[in-house]
Amino acid sequence: MALKVYNTISGRKEDFVPVTEGKVKLYVCGVTVYDHCHIGHARSAIVFDTIYRYLRSKGFDVTYVRNFTDIDDKIIRKSHAENIPWQEVGQKYIQSFYEDMDALGVLRPDHEPRATQHIGDMIALVENLIEKGHAYNIGGDVYFSVDSFRNYGQLSGRPLEEMVAGARVEVDEKKKNPLDFALWKASKEGEPSWDASFGAGRPGWHIECSVMSTLYLGNPFDIHGGGKDLVFPHHENEKAQTEAATGEKFVNYWVHNGFVNIDREKMSKSIGNTLLIRDFLKEYHPEVLRLFYLSNHYRSPVDYNGQTIDDVNTALHRLYYTRERAQEAQIGKTFEVRSYPQAEEIAKKFAEAMDDDFNTAAALSYIFELSKEINRMVEKKDESATALIASAEAVFESLAGTLGLLGDNLESLESREKIRHLTRMGFDASFVEGAINDRVEARKSRNFQKADEIRDMLAEKGIMLLDTPKGTQWRIKSSVS
RNA sequence: GGCGGCAUAGCCAAGUGGCUAAGGCAGCGGUCUGCAAAACCGUUAUUCUCCGGUUCAAAUCCGGAUGCCGCCUCCA
């Protein structure tokens, strides 16, 4: 099976051929650490986490690098505003980032360099570009000259002349071309700075990724990823400066994920509709967000709204219930393990979907198909099927795991909801259990009217009851607020 | 002004030339139940925004119309 990857630079799916057979070098632009992360950051993290997981499951030896931008204008602004050292701003939000990512089940990349750890390498790259005539120094500010690089605009598909005509570029008299971008910003009062042969200052934004990606992954490397908005100018500029310096190709495959809208509106700080990951997690299990994103193709925009999230939440529970039933069906049974051809067939289709530019939405459909298949077998209550159930369940878990799903257990999935709900409603579990006991008594004496009254009373409080062979259990009705 | 994307059932959403148009949610029918609920099973688009065209064959390709959206400025 050949993996195909959509390459932004060509605008089409291409066969994936790694630089070194069996290995994949993956670089993804991380976050600028000046605030808590929102669910848009989560999409990028989850998309590339899934790509990382899948490539590894295919047997590739993957080196995954994701950076932290820990020096930039926004960080400095925050440090002034809150009157704390800029280093502390970075430290604080790196920690916040890790809390969020760990909660979301996003695997740690192999390397997570910070911009400030590689200032020396950036200075060397700027010197190189000045030497080669691709950069010029004006009063300590060093700019990259876009006119000196023939292929400028290749990635984003914008001819130079038209971009200049675009007129939305801030005109800076110092620049030779309005599109020239800063490699190095001259030292200013109250800002961090590093000494360099061309004058003290701090690096521009794009230079760090050029340095860190090639340093850890070589040149060229396989996949460079990030949000769609980074295509221009960030990645275009990274590409220009790197290729101008090395004279070689920088990246083979450019992969960009689409954006997140909220209620059909762009999520942005100015509109004030950003949803932080930590706020989302107060309401839903982290895998709800993952399943939501993976239900959409990574390149499409997605619309976040309460209705859809509740639907996804229900769907996620379905997968957990299937696993629970499959496991219960095996308890106390002895059987010989054997493979189950239908499950293998589904696993094959799953891989084909993932090989087709990481089509997680299609891949998910096979997981649900397998879920249904398992349920059918369990439902038959046929002892001889136990071995098949066991092997189908193993495949089911393996596929889900490749997408980062079913990493929790059902009890934890449900208990989170219960705790949240009870806290909000202002009563505790003992109240619910007391009411359930009363109802059990009423039912024993066949006083069904009273039993139903208790059930209705709890239902009004968002608690639903389930009379199971193991006794009466309770759950939270979804979307009760 | 320039560049690009999207339009598929009540909702979300995959599918880019040809088997019965995935999957999820909701709905409906059933199993179960004191009745329910949950869970599970079954079922739900002769049709893919509209109009032309290419083709033996199009949701899929081409042209046009309409609507929605993104990027071009920091942004995942």
# chains A, B, ... in the order shown; residues from 1 in each chain; ligands from 1

$ interface_residues --of "chain A" --to "chain B" --cutoff "8 Å" --atoms "only C-alpha atoms (C1' of nucleotides)" --output "MDAnalysis selection string"
chainID A and resid 31 40:44 157:158 162:163 165:166 168:170 226:229 232 259 295:296 308 311:312 314:315 321 361:362 364:366 368:369 375:376 379 446 448 464:467

$ select_by_dssp --residues "segment 214-457 of chain A" --states "helix (DSSP H, G or I)" --output "ChimeraX atom specification"
/A:214-217,228-246,277-283,286-294,306-330,341-355,360-380,383-402,410-425,429-444,448-457

$ atom_distance --atom1 "atom CA of Ser445 of chain A" --atom2 "atom CA of Thr472 of chain A"
15.9 Å

$ atom_distance --atom1 "atom CA of Asp35 of chain A" --atom2 "atom CA of Ala81 of chain A"
12.7 Å

$ atom_distance --atom1 "atom CA of Gly105 of chain A" --atom2 "atom CA of Pro286 of chain A"
7.7 Å

$ residues_around --residues "A65 of chain B" --least-positions-apart "2" --cutoff "12 Å" --atoms "only C-alpha atoms (C1' of nucleotides)" --output "mmCIF file with C-alpha atoms (C1' of nucleotides), in the first residue's frame"
data_model
loop_
_atom_site.group_PDB
_atom_site.id
_atom_site.type_symbol
_atom_site.label_atom_id
_atom_site.label_comp_id
_atom_site.auth_asym_id
_atom_site.auth_seq_id
_atom_site.Cartn_x
_atom_site.Cartn_y
_atom_site.Cartn_z
ATOM 1 C "C1'" U B 49 -27.031 23.988 -4.930
ATOM 2 C "C1'" C B 50 -28.798 25.430 -10.059
ATOM 3 C "C1'" C B 51 -28.087 25.664 -15.651
ATOM 4 C "C1'" G B 52 -25.469 23.979 -19.818
ATOM 5 C "C1'" G B 63 -17.995 26.234 -18.730
ATOM 6 C "C1'" G B 67 -24.613 31.086 -1.997
#

$ closest_residue --among "A:Ser210, A:Asn261, A:Asn219, A:Ser79" --to "Val302 of chain A" --atoms "only C-alpha atoms"
A:Asn261

$ select_by_dssp --residues "segment 14-238 of chain A" --states "strand (DSSP E)" --output "ChimeraX atom specification"
/A:14-15,23-32,61-69,135-138,141-144,181-186,201-203,221-227

$ closest_residue --among "A:His421, A:Lys333, A:Arg290, A:Lys348" --to "Leu104 of chain A" --atoms "only C-alpha atoms"
A:Arg290
